[in-house]
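A.B. asks: File query38.cif follows (mmCIF, C-alpha atoms):
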data_start
loop_
_atom_site.label_atom_id
_atom_site.label_comp_id
_atom_site.auth_asym_id
_atom_site.auth_seq_id
_atom_site.Cartn_x
_atom_site.Cartn_y
_atom_site.Cartn_z
CA MET A 21 8.79 18.63 -21.80
CA PRO A 22 11.11 15.81 -20.83
CA THR A 23 12.40 15.21 -17.35
CA PHE A 24 15.96 15.87 -16.24
CA VAL A 25 18.00 14.78 -13.24
CA TYR A 26 19.89 16.93 -10.74
CA MET A 27 22.97 14.72 -10.55
CA THR A 28 24.09 16.20 -7.23
CA ASP A 29 20.79 15.18 -5.58
CA CYS A 30 20.48 11.71 -7.14
CA ASP A 31 21.70 8.77 -5.07
CA GLY A 32 21.30 6.16 -7.83
CA CYS A 33 18.52 4.20 -6.10
CA GLY A 34 16.98 3.23 -9.46
CA HIS A 35 13.29 3.86 -8.61
CA CYS A 36 12.99 6.00 -11.74
CA VAL A 37 14.53 3.25 -13.87
CA ASP A 38 12.07 0.68 -12.53
CA ILE A 39 8.98 2.81 -13.16
CA CYS A 40 9.79 4.46 -16.51
CA PRO A 41 7.33 3.09 -19.11
CA SER A 42 9.49 4.10 -22.07
CA ASP A 43 12.71 2.65 -20.61
CA ILE A 44 14.72 5.84 -21.04
CA MET A 45 15.76 6.41 -17.43
CA HIS A 46 19.07 4.67 -16.85
CA ILE A 47 21.79 4.63 -14.21
CA ASP A 48 25.08 6.00 -15.51
CA PRO A 49 27.63 3.18 -14.95
CA THR A 50 30.48 5.60 -14.22
CA HIS A 51 28.82 8.04 -11.82
CA ARG A 52 25.99 5.79 -10.50
CA ARG A 53 23.43 8.55 -11.05
CA ALA A 54 20.19 8.48 -13.03
CA LEU A 55 19.89 10.12 -16.41
CA ASN A 56 17.32 10.43 -19.16
CA ILE A 57 19.14 8.85 -22.11
CA GLU A 58 16.56 9.81 -24.78
CA PRO A 59 14.68 13.01 -23.85
CA ASN A 60 12.95 12.96 -27.26
CA PHE A 61 11.22 9.71 -26.31
CA CYS A 62 10.00 10.89 -22.89
CA TRP A 63 6.26 10.22 -22.55
CA GLU A 64 6.01 13.06 -20.03
CA CYS A 65 4.10 10.83 -17.64
CA TYR A 66 6.31 12.11 -14.79
CA SER A 67 6.26 8.71 -13.09
CA CYS A 68 9.99 9.05 -12.44
CA VAL A 69 9.48 12.47 -10.84
CA LYS A 70 6.82 11.10 -8.53
CA ALA A 71 8.81 7.98 -7.67
CA CYS A 72 12.11 9.70 -6.83
CA PRO A 73 12.62 9.68 -3.04
CA GLN A 74 15.41 12.28 -3.32
CA ASN A 75 13.36 14.76 -5.41
CA ALA A 76 16.28 14.74 -7.83
CA ILE A 77 14.19 14.65 -11.02
CA ASP A 78 12.47 17.73 -12.36
CA VAL A 79 10.53 18.86 -15.41
CA ARG A 80 10.59 21.78 -17.75
CA GLY A 81 7.18 23.43 -17.91
CA TYR A 82 5.19 24.12 -21.03
CA ALA A 83 4.72 27.72 -22.15
CA GLU A 84 0.93 27.21 -22.02
CA PHE A 85 0.90 27.11 -18.23
CA ALA A 86 4.22 28.66 -17.26
CA PRO A 87 5.80 31.22 -19.61
CA MET A 88 9.50 31.57 -20.37
CA GLY A 89 11.72 32.26 -17.41
CA HIS A 90 9.66 30.23 -14.97
CA LYS A 91 10.68 27.39 -12.65
CA VAL A 92 8.68 24.23 -12.07
CA ARG A 93 9.39 22.07 -9.04
CA VAL A 94 7.70 18.76 -8.36
CA LEU A 95 7.97 17.21 -4.91
CA ARG A 96 6.81 13.83 -3.70
CA GLU A 97 5.87 14.24 -0.06
CA GLU A 98 5.48 10.69 1.19
CA GLU A 99 4.54 11.66 4.76
CA LYS A 100 1.68 13.82 3.44
CA ARG A 101 0.91 11.26 0.67
CA THR A 102 0.87 14.05 -1.91
CA ILE A 103 2.60 15.26 -5.07
CA SER A 104 3.18 19.03 -5.02
CA TRP A 105 3.79 21.14 -8.11
CA LYS A 106 5.24 24.60 -7.55
CA ILE A 107 5.47 27.06 -10.42
CA ARG A 108 7.49 30.23 -9.87
CA PHE A 109 6.88 32.91 -12.50
CA ARG A 110 9.44 35.47 -13.66
CA ASP A 111 7.76 38.21 -11.63
CA GLY A 112 8.16 36.20 -8.41
CA ARG A 113 4.57 34.96 -8.08
CA GLU A 114 4.12 31.30 -7.16
CA LYS A 115 1.33 28.84 -7.89
CA ASN A 116 1.11 25.64 -5.90
CA PHE A 117 -0.85 22.52 -6.83
CA VAL A 118 -1.23 19.51 -4.58
CA SER A 119 -2.72 16.15 -5.47
CA PRO A 120 -2.86 12.85 -3.58
CA ILE A 121 -0.34 10.17 -4.44
CA ARG A 122 -3.15 7.60 -4.39
CA THR A 123 -6.90 7.74 -4.23
CA THR A 124 -7.11 4.18 -2.95
CA GLU A 125 -5.64 2.56 0.13
CA TRP A 126 -2.17 1.04 -0.20
CA GLY A 127 -2.44 -2.66 -1.05
CA SER A 128 -6.09 -2.43 -2.10
CA ILE A 129 -5.41 -2.88 -5.82
CA ARG A 130 -5.23 -6.50 -6.93
CA SER A 131 -2.21 -7.75 -8.82
CA PRO A 132 -2.72 -8.97 -12.42
CA ALA A 133 -1.71 -12.43 -11.16
CA ASP A 134 -4.79 -12.42 -8.90
CA TYR A 135 -7.15 -12.46 -11.90
CA ASP A 136 -8.12 -15.41 -14.08
CA ALA A 137 -6.26 -15.69 -17.39
CA PRO A 138 -8.30 -14.38 -20.36
CA THR A 139 -10.22 -16.86 -22.48
CA ALA A 140 -10.59 -16.86 -26.26
CA ALA A 141 -14.05 -15.27 -25.84
CA ASP A 142 -12.50 -12.43 -23.83
CA PHE A 143 -10.35 -11.49 -26.82
CA GLU A 144 -13.46 -11.22 -29.01
CA SER A 145 -15.27 -8.96 -26.52
CA GLN A 146 -15.48 -5.17 -26.72
CA GLU A 147 -14.91 -4.96 -22.98
CA LEU A 148 -11.56 -4.26 -21.41
CA ALA A 149 -10.10 -6.56 -18.78
CA HIS A 150 -12.32 -6.98 -15.73
CA GLU A 151 -15.14 -4.83 -17.13
CA PRO A 152 -17.93 -4.35 -16.13
CA ALA A 153 -17.18 -5.67 -12.62
CA ALA A 154 -14.28 -3.25 -12.04
CA LEU A 155 -16.62 -0.35 -12.90
CA ASN A 156 -19.28 -1.60 -10.49
CA VAL A 157 -21.94 -1.88 -13.19
CA GLU A 158 -23.95 -4.91 -14.27
CA LYS A 159 -23.48 -4.49 -18.02
CA LEU A 160 -21.76 -2.03 -20.35
CA PRO A 161 -23.64 -0.46 -23.24
CA ALA A 162 -22.41 -1.80 -26.56
CA LEU A 163 -23.17 -1.21 -30.23
CA THR A 164 -24.32 -4.15 -32.28
CA ARG A 165 -22.98 -4.67 -35.78
CA ASP A 166 -26.30 -3.65 -37.38
CA ARG A 167 -26.08 -0.23 -35.66
CA LEU A 168 -22.61 0.53 -37.01
CA LYS A 169 -22.27 2.61 -40.19
CA LEU A 170 -20.82 0.74 -43.12
CA GLY A 171 -18.61 2.38 -45.69
CA ILE A 172 -17.22 5.91 -45.89
CA VAL A 173 -19.59 8.86 -45.73
#
Hey, can you dump this file as structure tokens for me?
C.D. replies:
Amino acid sequence: MPTFVYMTDCDGCGHCVDICPSDIMHIDPTHRRALNIEPNFCWECYSCVKACPQNAIDVRGYAEFAPMGHKVRVLREEEKRTISWKIRFRDGREKNFVSPIRTTEWGSIRSPADYDAPTAADFESQELAHEPAALNVEKLPALTRDRLKLGIV
């Protein structure tokens, strides 16, 4: 389900706008508050929810994990370095899930600018950028053309 913004909690900082991969989080020019301009195009990645320092962005839960009448609350707790999901069911029961914001140390991930530009041979390779080195393996298994099936079965 798409995200939505509690306008009274939003301070218009724009962190959600900066991180949204589908470019649907915008700052309303009149009220200077964030809003999801195209909920139908929300990727449901919840990056905006996790990035919001005011906890002003929330999500509607899916019926598969939280039936009708529930409440889902997502909190970014920077001091604990966690993202907390709280689901409150209609009967009053609560389920809490906590996951780390990062599994690596801050600043330990290299910027794309720190890597060499790809060569023409890199575009012909089956490997993704920086494989196999980024996976800490010497070589990735790969199929050769003679081992691929030809035609439709």
A.B. asks: One decimal, Å: what's the distance from CA of Pro132 (chain A) over to CA of Ala54 (chain A), could you say?
C.D. replies: 28.8 Å
A.B. asks: Within 8 Å of (9.1, 12.9, -19.0), only C-alpha atoms: residues as a PyMOL selection string?
C.D. replies: chain A and resi 21-24+59+62-68+79
A.B. asks: To one decimal place, how far is CA of Ser104 (chain A) from CA of Phe61 (chain A) in Å?
C.D. replies: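 CA of Phe61 (chain A) lies at a distance of 24.6 Å from CA of Ser104 (chain A).
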A.B. asks: Enumerate, as JSON, numbers by chain, the protein, DNA and RNA residues whose atoms approach (3.4, 16.1, -6.8) to within 7 Å, taking into account only C-alpha atoms and the coordinate frame of the file.
C.D. replies: {"A": [70, 94, 95, 96, 102, 103, 104, 105, 118, 119]}
A.B. asks: Would you kindly return, as a ChimeraX atom specification, each protein, DNA or RNA residue with an atom no farther than 10 Å from any atom of Glu58 (chain A), considering all atoms listed in the file and excluding same-chain residues fewer than 5 positions away?
C.D. replies: /A:22,42-46
A.B. asks: How far is it from CA of Arg93 (chain A) to CA of Asp78 (chain A), in Å with one decimal?
C.D. replies: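 So the two atoms, CA of Arg93 (chain A) and CA of Asp78 (chain A), lie 6.3 Å apart.
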A.B. asks: Extract, using all atoms listed in the file, all DNA, RNA and protein residues at most 12 Å from His150 (chain A), discarding same-chain residues fewer than 5 positions from it, and format them as number ranges by chain.
C.D. replies: A: 130, 132, 134-138, 142, 145, 155-160
A.B. asks: Could you tell me which of A:Pro161, A:Val92, A:Gly127, A:Pro73 comes closest to Arg110 (chain A) if we count only C-alpha atoms?
C.D. replies: A:Val92
A.B. asks: Run the PyMOL selection byres ((chain A and resi 48) around 12) on the file and write out the hits as a compact mmCIF listing (two decimals) with C-alpha atoms, in the frame of the given file.
C.D. replies:
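File part37.txt, as written:
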# COMPACT_ATOMS: atom_id res chain seq x y z
CA VAL A 25 18.00 14.78 -13.24
CA MET A 27 22.97 14.72 -10.55
CA CYS A 30 20.48 11.71 -7.14
CA ASP A 31 21.70 8.77 -5.07
CA GLY A 32 21.30 6.16 -7.83
CA CYS A 33 18.52 4.20 -6.10
CA GLY A 34 16.98 3.23 -9.46
CA VAL A 37 14.53 3.25 -13.87
CA ILE A 44 14.72 5.84 -21.04
CA MET A 45 15.76 6.41 -17.43
CA HIS A 46 19.07 4.67 -16.85
CA ILE A 47 21.79 4.63 -14.21
CA PRO A 49 27.63 3.18 -14.95
CA THR A 50 30.48 5.60 -14.22
CA HIS A 51 28.82 8.04 -11.82
CA ARG A 52 25.99 5.79 -10.50
CA ARG A 53 23.43 8.55 -11.05
CA ALA A 54 20.19 8.48 -13.03
CA LEU A 55 19.89 10.12 -16.41
CA ASN A 56 17.32 10.43 -19.16
CA ILE A 57 19.14 8.85 -22.11
A.B. asks: Draw an axis-aligned box tight on the listed atoms of region 115-121 of chain A, then pad every side by 6 Å and write out centre and edge lengths in Å to one decimal as JSON.
C.D. replies:
{"center_x": -0.8, "center_y": 19.5, "center_z": -5.7, "size_x": 16.2, "size_y": 30.7, "size_z": 16.3}
A.B. asks: Nearest to Lys91 (chain A) among A:Ala141, A:Ile107, A:Ile77, A:Leu163, with distances taken over only C-alpha atoms: which residue is it?
C.D. replies: A:Ile107
A.B. asks: Find, counting only C-alpha atoms, the residue in A:Arg113, A:His90, A:His35, A:Arg108 that gets nearest to Asn75 (chain A).
C.D. replies: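 Of all the options, A:His35 lies closest to Asn75 (chain A).
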